[in-house]
$ cat model.txt   # compact mmCIF, C-alpha atoms
# COMPACT_ATOMS: atom_id res chain seq x y z
CA MET A 20 25.06 -7.40 -21.62
CA ASP A 21 22.48 -5.13 -19.99
CA LYS A 22 23.32 -1.46 -19.53
CA LYS A 23 25.08 -0.48 -16.30
CA VAL A 24 23.17 1.83 -13.94
CA TYR A 25 23.87 3.67 -10.70
CA VAL A 26 21.55 3.83 -7.70
CA THR A 27 22.58 6.98 -5.82
CA LEU A 28 21.14 7.58 -2.36
CA GLN A 29 20.46 10.98 -0.85
CA ASN A 30 23.23 10.36 1.69
CA GLY A 31 25.75 9.99 -1.15
CA LYS A 32 26.05 6.20 -1.10
CA VAL A 33 26.14 4.58 -4.56
CA PHE A 34 25.15 1.05 -5.62
CA GLU A 35 25.92 -0.32 -9.08
CA GLY A 36 23.71 -2.69 -11.04
CA TYR A 37 22.23 -3.38 -14.48
CA SER A 38 19.09 -2.15 -16.20
CA PHE A 39 16.35 -4.65 -17.10
CA GLY A 40 13.18 -2.57 -17.31
CA ALA A 41 12.42 0.60 -19.19
CA GLU A 42 15.59 2.55 -19.91
CA ARG A 43 14.75 5.75 -18.05
CA GLU A 44 16.41 7.81 -15.33
CA VAL A 45 14.18 8.49 -12.31
CA ILE A 46 14.12 9.87 -8.77
CA GLY A 47 11.91 8.40 -6.03
CA GLU A 48 11.62 7.55 -2.35
CA LEU A 49 13.64 4.41 -1.64
CA VAL A 50 11.88 1.71 0.42
CA PHE A 51 12.20 -2.04 0.88
CA THR A 52 9.70 -4.89 1.20
CA THR A 53 10.37 -8.27 2.78
CA GLY A 54 7.78 -10.40 0.96
CA MET A 55 9.10 -13.72 -0.33
CA THR A 56 6.17 -14.01 -2.76
CA GLY A 57 3.55 -11.55 -4.00
CA TYR A 58 5.78 -9.41 -6.20
CA ILE A 59 2.92 -9.05 -8.72
CA GLU A 60 0.75 -7.57 -5.97
CA THR A 61 3.61 -5.27 -4.96
CA LEU A 62 4.10 -4.00 -8.51
CA THR A 63 0.40 -3.22 -8.92
CA ASP A 64 -0.30 -1.81 -5.43
CA PRO A 65 -1.06 1.94 -5.78
CA SER A 66 0.32 2.50 -2.27
CA TYR A 67 3.83 2.35 -3.79
CA TYR A 68 3.20 5.44 -5.91
CA GLY A 69 6.33 7.63 -6.07
CA GLN A 70 8.59 4.99 -4.53
CA ILE A 71 11.61 2.98 -5.66
CA VAL A 72 10.96 -0.49 -4.24
CA THR A 73 13.72 -2.89 -3.21
CA GLN A 74 12.88 -6.59 -2.76
CA THR A 75 14.85 -8.18 0.09
CA PHE A 76 14.15 -11.70 -1.21
CA PRO A 77 17.02 -12.42 -3.65
CA LEU A 78 15.26 -14.08 -6.65
CA ILE A 79 12.28 -12.25 -8.14
CA GLY A 80 10.22 -13.22 -11.18
CA ASN A 81 10.32 -17.01 -10.85
CA TYR A 82 6.60 -17.44 -11.56
CA GLY A 83 6.44 -14.61 -14.10
CA ILE A 84 3.56 -12.18 -14.44
CA ILE A 85 0.00 -13.43 -13.89
CA PRO A 86 -2.52 -10.66 -14.78
CA ASP A 87 -5.31 -12.20 -12.67
CA ASP A 88 -3.18 -11.67 -9.54
CA SER A 89 -2.82 -7.92 -10.09
CA GLU A 90 -4.20 -5.49 -7.50
CA SER A 91 -4.89 -2.79 -10.11
CA LYS A 92 -4.72 -2.19 -13.85
CA LYS A 93 -1.14 -0.90 -13.97
CA CYS A 94 2.22 -0.75 -12.23
CA TRP A 95 2.36 2.25 -9.88
CA LEU A 96 5.84 2.30 -8.37
CA THR A 97 8.59 4.57 -9.75
CA ALA A 98 11.30 1.90 -10.10
CA TYR A 99 12.15 -1.63 -8.99
CA ILE A 100 15.37 -3.09 -7.54
CA VAL A 101 16.17 -6.81 -7.16
CA ARG A 102 19.23 -8.91 -6.46
CA GLU A 103 18.53 -11.48 -9.17
CA LYS A 104 15.88 -11.51 -11.92
CA CYS A 105 14.42 -14.72 -13.32
CA ASP A 106 14.43 -14.86 -17.12
CA LYS A 107 12.72 -18.24 -17.42
CA PRO A 108 9.70 -18.33 -15.10
CA SER A 109 7.81 -21.55 -14.47
CA ASN A 110 4.06 -21.37 -13.82
CA PHE A 111 1.11 -22.60 -15.87
CA ARG A 112 -0.65 -19.24 -15.36
CA CYS A 113 2.34 -17.14 -16.44
CA ARG A 114 1.70 -14.76 -19.35
CA MET A 115 5.04 -12.90 -19.58
CA THR A 116 8.35 -12.44 -17.80
CA LEU A 117 8.97 -9.79 -15.17
CA GLU A 118 11.28 -7.94 -17.56
CA GLU A 119 8.70 -7.93 -20.37
CA TYR A 120 6.08 -6.56 -17.99
CA LEU A 121 8.28 -3.75 -16.65
CA LYS A 122 9.20 -2.67 -20.17
CA GLU A 123 5.54 -2.75 -21.20
CA GLN A 124 4.65 -0.58 -18.19
CA GLY A 125 7.55 1.84 -18.70
CA ILE A 126 9.05 1.10 -15.27
CA PRO A 127 12.86 1.26 -14.82
CA ALA A 128 14.35 -1.68 -12.95
CA VAL A 129 17.78 -2.69 -11.67
CA TYR A 130 19.28 -6.10 -10.93
CA GLY A 131 22.67 -7.18 -9.65
CA VAL A 132 22.50 -4.81 -6.67
CA ASP A 133 23.60 -5.90 -3.19
CA THR A 134 20.07 -5.62 -1.83
CA ARG A 135 21.09 -6.77 1.65
CA GLU A 136 23.48 -3.85 2.00
CA LEU A 137 20.94 -1.48 0.44
CA THR A 138 18.26 -2.62 2.90
CA ARG A 139 20.65 -2.31 5.82
CA THR A 140 21.38 1.26 4.80
CA VAL A 141 17.67 2.15 4.80
CA ARG A 142 17.12 0.41 8.14
CA GLU A 143 19.98 2.30 9.77
CA SER A 144 19.56 5.72 8.12
CA GLY A 145 15.83 5.68 7.38
CA VAL A 146 13.83 6.08 4.18
CA MET A 147 15.50 8.52 1.79
CA ASN A 148 15.37 9.63 -1.82
CA ALA A 149 17.35 7.80 -4.50
CA ALA A 150 18.16 8.34 -8.17
CA ILE A 151 18.65 5.73 -10.88
CA THR A 152 20.96 7.01 -13.61
CA PHE A 153 23.16 5.69 -16.41
CA LYS A 154 26.08 7.86 -15.35
CA PRO A 155 27.34 8.70 -11.84
CA LEU A 156 25.17 11.47 -10.40
CA GLN A 157 26.95 14.81 -10.14
CA ASP A 158 24.17 17.22 -9.15
CA PHE A 159 22.14 16.26 -6.03
CA THR A 160 19.76 19.24 -6.19
CA GLU A 161 16.72 17.44 -7.65
CA LEU A 162 17.43 14.32 -5.60
CA LYS A 163 17.27 16.22 -2.32
CA ARG A 164 14.27 18.28 -3.42
CA TYR A 165 12.07 15.32 -4.42
CA LYS A 166 8.88 14.77 -2.40
CA ILE A 167 5.78 12.67 -3.05
CA LYS A 168 2.81 15.03 -3.43
CA ASN A 169 -0.89 14.69 -4.32
CA ALA A 170 -0.47 10.92 -4.31
CA VAL A 171 -4.09 9.97 -3.60
CA LYS A 172 -5.37 12.25 -6.37
CA ALA A 173 -2.93 10.55 -8.78
CA VAL A 174 -4.14 6.98 -8.13
CA THR A 175 -7.86 7.26 -7.27
CA SER A 176 -10.66 6.02 -9.55
CA ALA A 177 -11.80 8.56 -12.12
CA GLU A 178 -15.50 7.80 -11.64
CA CYS A 179 -18.02 5.67 -9.79
CA GLY A 180 -18.61 2.01 -10.57
CA VAL A 181 -21.01 -0.60 -9.14
CA LYS A 182 -20.51 -4.37 -8.82
CA GLY A 183 -22.20 -7.21 -6.97
CA LYS A 184 -25.66 -8.46 -6.06
CA GLU A 185 -28.57 -6.09 -6.49
CA ASN A 186 -29.99 -6.97 -3.07
CA GLY A 187 -26.66 -7.29 -1.25
CA LEU A 188 -25.45 -5.01 1.52
CA ASN A 189 -24.63 -1.69 -0.12
CA VAL A 190 -21.00 -0.73 0.58
CA VAL A 191 -19.52 2.54 -0.65
CA LEU A 192 -15.81 1.96 -1.23
CA TYR A 193 -13.77 5.16 -1.10
CA ASP A 194 -10.91 4.53 -3.53
CA PHE A 195 -7.76 6.21 -2.23
CA GLY A 196 -5.61 3.80 -4.27
CA ALA A 197 -7.47 0.63 -3.39
CA LYS A 198 -6.02 -2.83 -3.79
CA GLY A 199 -8.41 -4.89 -5.90
CA ASN A 200 -8.67 -7.62 -3.31
CA ILE A 201 -10.56 -5.35 -0.89
CA GLU A 202 -13.39 -5.16 -3.41
CA ARG A 203 -13.13 -8.90 -4.11
CA GLU A 204 -13.46 -9.76 -0.40
CA LEU A 205 -16.63 -7.68 -0.15
CA LEU A 206 -18.11 -9.18 -3.32
CA LYS A 207 -17.27 -12.66 -2.05
CA ARG A 208 -19.51 -11.93 0.94
CA GLY A 209 -22.46 -10.93 -1.22
CA CYS A 210 -22.08 -7.15 -1.00
CA ARG A 211 -23.04 -4.63 -3.63
CA VAL A 212 -19.96 -2.42 -3.92
CA THR A 213 -20.07 1.14 -5.21
CA VAL A 214 -16.57 2.50 -5.83
CA VAL A 215 -16.23 6.29 -5.55
CA PRO A 216 -13.19 8.57 -6.13
CA GLU A 217 -11.40 10.43 -3.36
CA ASN A 218 -13.10 13.74 -4.21
CA CYS A 219 -16.59 12.34 -3.66
CA THR A 220 -18.19 14.48 -0.94
CA ALA A 221 -19.78 13.15 2.24
CA GLU A 222 -23.16 14.38 1.00
CA GLU A 223 -22.76 12.45 -2.27
CA VAL A 224 -21.77 9.30 -0.37
CA LEU A 225 -24.82 9.50 1.91
CA LYS A 226 -27.11 9.99 -1.11
CA LEU A 227 -26.04 6.51 -2.23
CA ASP A 228 -27.71 5.20 0.96
CA PRO A 229 -24.89 2.84 1.95
CA ASP A 230 -25.17 0.18 4.63
CA GLY A 231 -21.47 0.72 5.31
CA ILE A 232 -18.43 2.69 4.13
CA MET A 233 -15.00 1.24 3.32
CA LEU A 234 -11.96 3.51 3.55
CA THR A 235 -9.17 1.92 1.53
CA ASN A 236 -5.41 1.92 1.39
CA GLY A 237 -3.46 4.44 -0.66
CA PRO A 238 -0.13 6.28 -1.00
CA GLY A 239 1.54 9.37 0.39
CA ASP A 240 1.37 11.49 3.53
CA PRO A 241 -2.13 11.11 5.03
CA ALA A 242 -2.10 14.59 6.58
CA GLU A 243 -1.94 16.35 3.18
CA ASN A 244 -5.47 15.16 2.30
CA THR A 245 -7.27 17.95 4.15
CA GLU A 246 -10.48 17.97 2.07
CA LEU A 247 -10.73 14.20 2.25
CA ILE A 248 -10.27 14.24 6.03
CA GLU A 249 -13.06 16.80 6.34
CA ASN A 250 -15.41 14.59 4.28
CA ILE A 251 -14.65 11.58 6.48
CA ARG A 252 -15.31 13.72 9.56
CA LYS A 253 -18.83 14.42 8.25
CA LEU A 254 -19.45 10.67 7.81
CA ILE A 255 -18.40 9.61 11.30
CA GLY A 256 -21.30 8.09 13.20
CA LYS A 257 -23.64 8.13 10.19
CA LYS A 258 -22.86 4.60 8.92
CA PRO A 259 -20.64 1.65 9.95
CA ILE A 260 -17.11 2.37 8.73
CA PHE A 261 -14.14 0.03 8.15
CA GLY A 262 -10.75 1.59 7.35
CA ILE A 263 -7.65 -0.17 6.03
CA CYS A 264 -4.08 1.25 5.93
CA LEU A 265 -4.40 4.85 4.67
CA GLY A 266 -8.10 4.65 5.56
CA HIS A 267 -7.05 3.87 9.14
CA GLN A 268 -4.79 6.93 9.21
CA LEU A 269 -7.32 9.28 7.61
CA PHE A 270 -10.05 8.26 10.06
CA ALA A 271 -7.72 8.95 13.00
CA LEU A 272 -6.94 12.39 11.55
CA ALA A 273 -10.67 13.04 11.08
CA MET A 274 -11.09 12.26 14.79
CA GLY A 275 -8.53 14.94 15.64
CA GLY A 276 -5.59 12.56 15.97
CA GLN A 277 -2.07 12.77 14.60
CA THR A 278 0.10 10.71 12.24
CA ARG A 279 3.87 10.69 11.86
CA LYS A 280 6.39 9.33 9.40
CA MET A 281 8.22 6.17 10.46
CA LYS A 282 11.95 5.62 10.08
CA TYR A 283 11.54 2.95 7.40
CA GLY A 284 7.95 1.78 7.75
CA HIS A 285 6.45 -1.71 7.54
CA ARG A 286 6.44 -3.37 4.11
CA GLY A 287 6.15 -7.12 3.70
CA ALA A 288 4.05 -10.18 4.43
CA ASN A 289 5.44 -11.19 7.81
CA GLN A 290 4.48 -8.45 10.28
CA PRO A 291 3.11 -9.74 13.63
CA VAL A 292 0.15 -7.82 15.06
CA LYS A 293 -1.36 -8.43 18.50
CA GLN A 294 -5.08 -8.02 19.13
CA LEU A 295 -5.18 -6.54 22.63
CA SER A 296 -8.71 -7.69 23.52
CA VAL A 297 -7.81 -11.39 23.27
CA GLY A 298 -4.01 -11.36 23.38
CA LYS A 299 -3.77 -13.23 20.09
CA VAL A 300 -1.03 -12.59 17.53
CA PHE A 301 -1.72 -12.62 13.78
CA ILE A 302 0.79 -12.49 10.93
CA SER A 303 -0.10 -9.71 8.52
CA SER A 304 0.81 -8.11 5.22
CA GLN A 305 1.66 -4.40 5.42
CA ASN A 306 2.74 -1.49 3.26
CA HIS A 307 2.97 1.86 4.99
CA GLY A 308 5.46 4.54 5.95
CA TYR A 309 3.27 6.50 8.38
CA GLU A 310 1.73 5.53 11.71
CA VAL A 311 -1.16 6.75 13.84
CA VAL A 312 -0.19 8.24 17.20
CA SER A 313 -2.80 6.32 19.18
CA ASP A 314 -2.62 8.55 22.28
CA SER A 315 -3.67 11.53 20.17
CA VAL A 316 -6.99 10.02 19.03
CA LYS A 317 -9.90 11.02 21.26
CA GLY A 318 -12.82 8.60 21.21
CA GLY A 319 -10.70 5.75 19.87
CA VAL A 320 -9.55 2.58 21.62
CA LEU A 321 -6.26 0.96 20.64
CA SER A 322 -7.14 -2.51 19.34
CA PHE A 323 -3.97 -3.87 17.66
CA ILE A 324 -0.27 -3.20 18.14
CA ASN A 325 2.75 -4.29 16.12
CA GLY A 326 4.53 -7.25 17.71
CA ASN A 327 7.96 -5.91 16.76
CA ASP A 328 7.91 -2.23 17.66
CA GLY A 329 4.62 -1.69 19.53
CA THR A 330 3.25 0.86 17.06
CA CYS A 331 -0.47 1.33 16.50
CA GLU A 332 -1.97 -1.30 14.17
CA GLY A 333 -5.66 -0.75 14.80
CA MET A 334 -8.27 1.42 16.49
CA ASP A 335 -11.86 0.76 17.50
CA TYR A 336 -14.44 3.53 17.83
CA PRO A 337 -17.36 1.95 19.76
CA GLU A 338 -19.38 5.18 19.98
CA TYR A 339 -19.33 5.62 16.19
CA ASN A 340 -19.63 1.99 14.99
CA ALA A 341 -16.28 2.20 13.22
CA PHE A 342 -13.01 0.30 13.31
CA THR A 343 -9.75 0.62 11.41
CA VAL A 344 -6.55 -1.38 10.94
CA GLN A 345 -3.11 -0.45 9.63
CA PHE A 346 -2.42 -3.88 8.11
CA HIS A 347 -4.06 -5.65 5.15
CA PRO A 348 -6.66 -8.30 6.12
CA GLU A 349 -7.39 -8.82 2.39
CA ALA A 350 -3.75 -9.79 1.69
CA CYS A 351 -3.13 -11.74 -1.48
CA GLY A 352 -1.00 -13.89 -1.73
CA GLY A 353 -1.26 -13.95 2.03
CA PRO A 354 -1.18 -14.27 4.96
CA HIS A 355 -4.93 -14.57 5.58
CA ASP A 356 -4.91 -14.61 9.40
CA ALA A 357 -6.96 -11.41 9.76
CA ASN A 358 -9.42 -12.05 6.91
CA TYR A 359 -12.18 -12.40 9.51
CA LEU A 360 -12.28 -8.60 9.88
CA PHE A 361 -14.39 -8.44 6.73
CA ASP A 362 -16.91 -10.72 8.46
CA GLU A 363 -16.87 -8.31 11.41
CA PHE A 364 -17.70 -5.45 9.03
CA ILE A 365 -20.57 -7.47 7.51
CA ALA A 366 -21.93 -8.24 10.98
CA ARG A 367 -21.84 -4.56 11.97
CA MET A 368 -23.72 -3.54 8.82
CA LYS A 369 -26.39 -6.20 9.35
CA LYS A 370 -26.86 -5.21 12.97
CA GLU A 371 -27.20 -1.53 12.03
CA LYS A 372 -29.65 -2.36 9.26
$ encode --input "model.txt" --output "structure tokens"
Amino acid sequence: MDKKVYVTLQNGKVFEGYSFGAEREVIGELVFTTGMTGYIETLTDPSYYGQIVTQTFPLIGNYGIIPDDSESKKCWLTAYIVREKCDKPSNFRCRMTLEEYLKEQGIPAVYGVDTRELTRTVRESGVMNAAITFKPLQDFTELKRYKIKNAVKAVTSAECGVKGKENGLNVVLYDFGAKGNIERELLKRGCRVTVVPENCTAEEVLKLDPDGIMLTNGPGDPAENTELIENIRKLIGKKPIFGICLGHQLFALAMGGQTRKMKYGHRGANQPVKQLSVGKVFISSQNHGYEVVSDSVKGGVLSFINGNDGTCEGMDYPEYNAFTVQFHPEACGGPHDANYLFDEFIARMKKEK
């Protein structure tokens, strides 16, 4: 029998379950994601840095772990909570079970939790800290004090790297915690992609003579990245820019806009977004806990809104040849409704060139 564990929320609510990952006690920010598939992508998405992730779909691990589907080289989240784990996955590409992977990565995980009730608690009370312990928590001091800090610095690439065709469009990809599929979508379109870390200066980026600049997704509070925001500000109007998720938020901040933390964010593969220019609705994959306050962004035009709550999902900056979206057009394993935005980026670079 697996060891009993306690998931204690900052509001004092306690959920009991059983350990099936690394046997460690941790504290993190508790969030939930509604994806029915794509748990491998969730585990390896750097945007989950510092978070305890709850899967709302009850059975997780049924196709095991497939390394080729990973979004990065390691598992970034703090801990993982599921209703039911699958011990005997079935997929011809499977290389190990979910439990084997989590133990290999040193990630604590819990199963047997009433994830519907846990999710309802987060929806009603908002995102909060949680602790996973082997004994009932007595002292709440560290739990209440916990805060995700310096997240982008923790997940960014250590150094530059170049991939793709020698004569392809030269894209500088600012890695704030990039999902691997962003790079793959650019390479698929014949680009030459130069990945740079978050501390790469605007001057260093421009020395690479890019045809365009990609601002990627990443974790944490966007407003804490003051040096990064200043570098983006220096790049505005110099080259075509495409921002995704955190990149969308950072660009808005560089334009003098504001961001704010959401009650429980958008995490999952079924978020409807409406493109205002054509009135068309796309289904998108998302993973974010902050939103751009669109009214605060001078020089930006609201391009997409969320179909559920009306929050900002995209901005266009016609004067500066830049556009950004909050959702993930590169989503793997789906949906792929908004994949065309990469073609839009390619078209803008070719026109500028």
$ closest_atom_pairs --input "model.txt" --of "stretch 244-320 of chain A" --to "stretch 142-166 of chain A" --cutoff "9 Å" --atoms "only C-alpha atoms" --output "tab-separated table"
residue	atom	partner	partner_atom	distance
A:Met281	CA	A:Gly145	CA	8.2
A:Lys282	CA	A:Gly145	CA	4.7
A:Tyr283	CA	A:Val146	CA	5.0
A:Gly284	CA	A:Val146	CA	8.1
A:Gly308	CA	A:Val146	CA	8.7
$ closest_residue --input "model.txt" --among "A:Lys168, A:Lys370, A:Lys22, A:His355" --to "A:Pro259" --atoms "only C-alpha atoms"
A:Lys370
$ residues_around --input "model.txt" --residues "A:Gly80" --least-positions-apart "6" --cutoff "9 Å" --atoms "all atoms listed in the file" --output "list in words"
Tyr58, Ile59, Glu103, Lys104, Cys105, Asp106, Lys107, Pro108, Thr116, Leu117 and Glu118 of chain A
$ closest_residue --input "model.txt" --among "A:Gly256, A:Gly69, A:Pro77, A:Gly266" --to "A:Ala173" --atoms "all atoms listed in the file"
A:Gly69
$ residues_around --input "model.txt" --residues "stretch 341-347 of chain A" --least-positions-apart "3" --cutoff "9 Å" --atoms "only C-alpha atoms" --output "short mmCIF file (atom, residue, chain, number, x, y, z; two decimals) with C-alpha atoms, keeping the file's coordinate frame"
data_model
loop_
_atom_site.label_atom_id
_atom_site.label_comp_id
_atom_site.auth_asym_id
_atom_site.auth_seq_id
_atom_site.Cartn_x
_atom_site.Cartn_y
_atom_site.Cartn_z
CA ILE A 201 -10.56 -5.35 -0.89
CA LEU A 234 -11.96 3.51 3.55
CA ASN A 236 -5.41 1.92 1.39
CA ILE A 255 -18.40 9.61 11.30
CA GLY A 256 -21.30 8.09 13.20
CA LYS A 258 -22.86 4.60 8.92
CA PRO A 259 -20.64 1.65 9.95
CA ILE A 260 -17.11 2.37 8.73
CA PHE A 261 -14.14 0.03 8.15
CA GLY A 262 -10.75 1.59 7.35
CA ILE A 263 -7.65 -0.17 6.03
CA CYS A 264 -4.08 1.25 5.93
CA LEU A 265 -4.40 4.85 4.67
CA GLY A 266 -8.10 4.65 5.56
CA HIS A 267 -7.05 3.87 9.14
CA GLN A 268 -4.79 6.93 9.21
CA PHE A 270 -10.05 8.26 10.06
CA ALA A 271 -7.72 8.95 13.00
CA GLN A 290 4.48 -8.45 10.28
CA VAL A 292 0.15 -7.82 15.06
CA SER A 303 -0.10 -9.71 8.52
CA SER A 304 0.81 -8.11 5.22
CA GLN A 305 1.66 -4.40 5.42
CA ASN A 306 2.74 -1.49 3.26
CA HIS A 307 2.97 1.86 4.99
CA GLU A 310 1.73 5.53 11.71
CA VAL A 311 -1.16 6.75 13.84
CA GLY A 319 -10.70 5.75 19.87
CA SER A 322 -7.14 -2.51 19.34
CA PHE A 323 -3.97 -3.87 17.66
CA CYS A 331 -0.47 1.33 16.50
CA GLU A 332 -1.97 -1.30 14.17
CA GLY A 333 -5.66 -0.75 14.80
CA MET A 334 -8.27 1.42 16.49
CA ASP A 335 -11.86 0.76 17.50
CA TYR A 336 -14.44 3.53 17.83
CA PRO A 337 -17.36 1.95 19.76
CA GLU A 338 -19.38 5.18 19.98
CA ALA A 350 -3.75 -9.79 1.69
CA HIS A 355 -4.93 -14.57 5.58
CA ALA A 357 -6.96 -11.41 9.76
CA ASN A 358 -9.42 -12.05 6.91
CA PHE A 364 -17.70 -5.45 9.03
CA ARG A 367 -21.84 -4.56 11.97
#
$ atom_distance --input "model.txt" --atom1 "atom CA of A:Leu96" --atom2 "atom CA of A:Leu62"
6.5 Å
$ closest_residue --input "model.txt" --among "A:Phe76, A:Tyr67, A:Phe301, A:Tyr309" --to "A:Lys93" --atoms "all atoms listed in the file"
A:Tyr67
$ closest_residue --input "model.txt" --among "A:Ile365, A:Ile71, A:Ile232, A:Met115" --to "A:Ala98" --atoms "only C-alpha atoms"
A:Ile71
$ residues_around --input "model.txt" --residues "A:Thr61" --least-positions-apart "3" --cutoff "12 Å" --atoms "all atoms listed in the file" --output "ChimeraX atom specification"
/A:51-58,64-68,70-74,79,84,88-91,93-96,98-99,198,286-288,304-306,350-352
$ residues_near_point --input "model.txt" --point "(20.0, -3.1, -17.7)" --cutoff "8 Å" --atoms "all atoms listed in the file" --output "list of chain:residue names"
A:Met20, A:Asp21, A:Lys22, A:Lys23, A:Val24, A:Gly36, A:Tyr37, A:Ser38, A:Phe39, A:Gly40, A:Glu42, A:Ala128, A:Val129, A:Tyr130
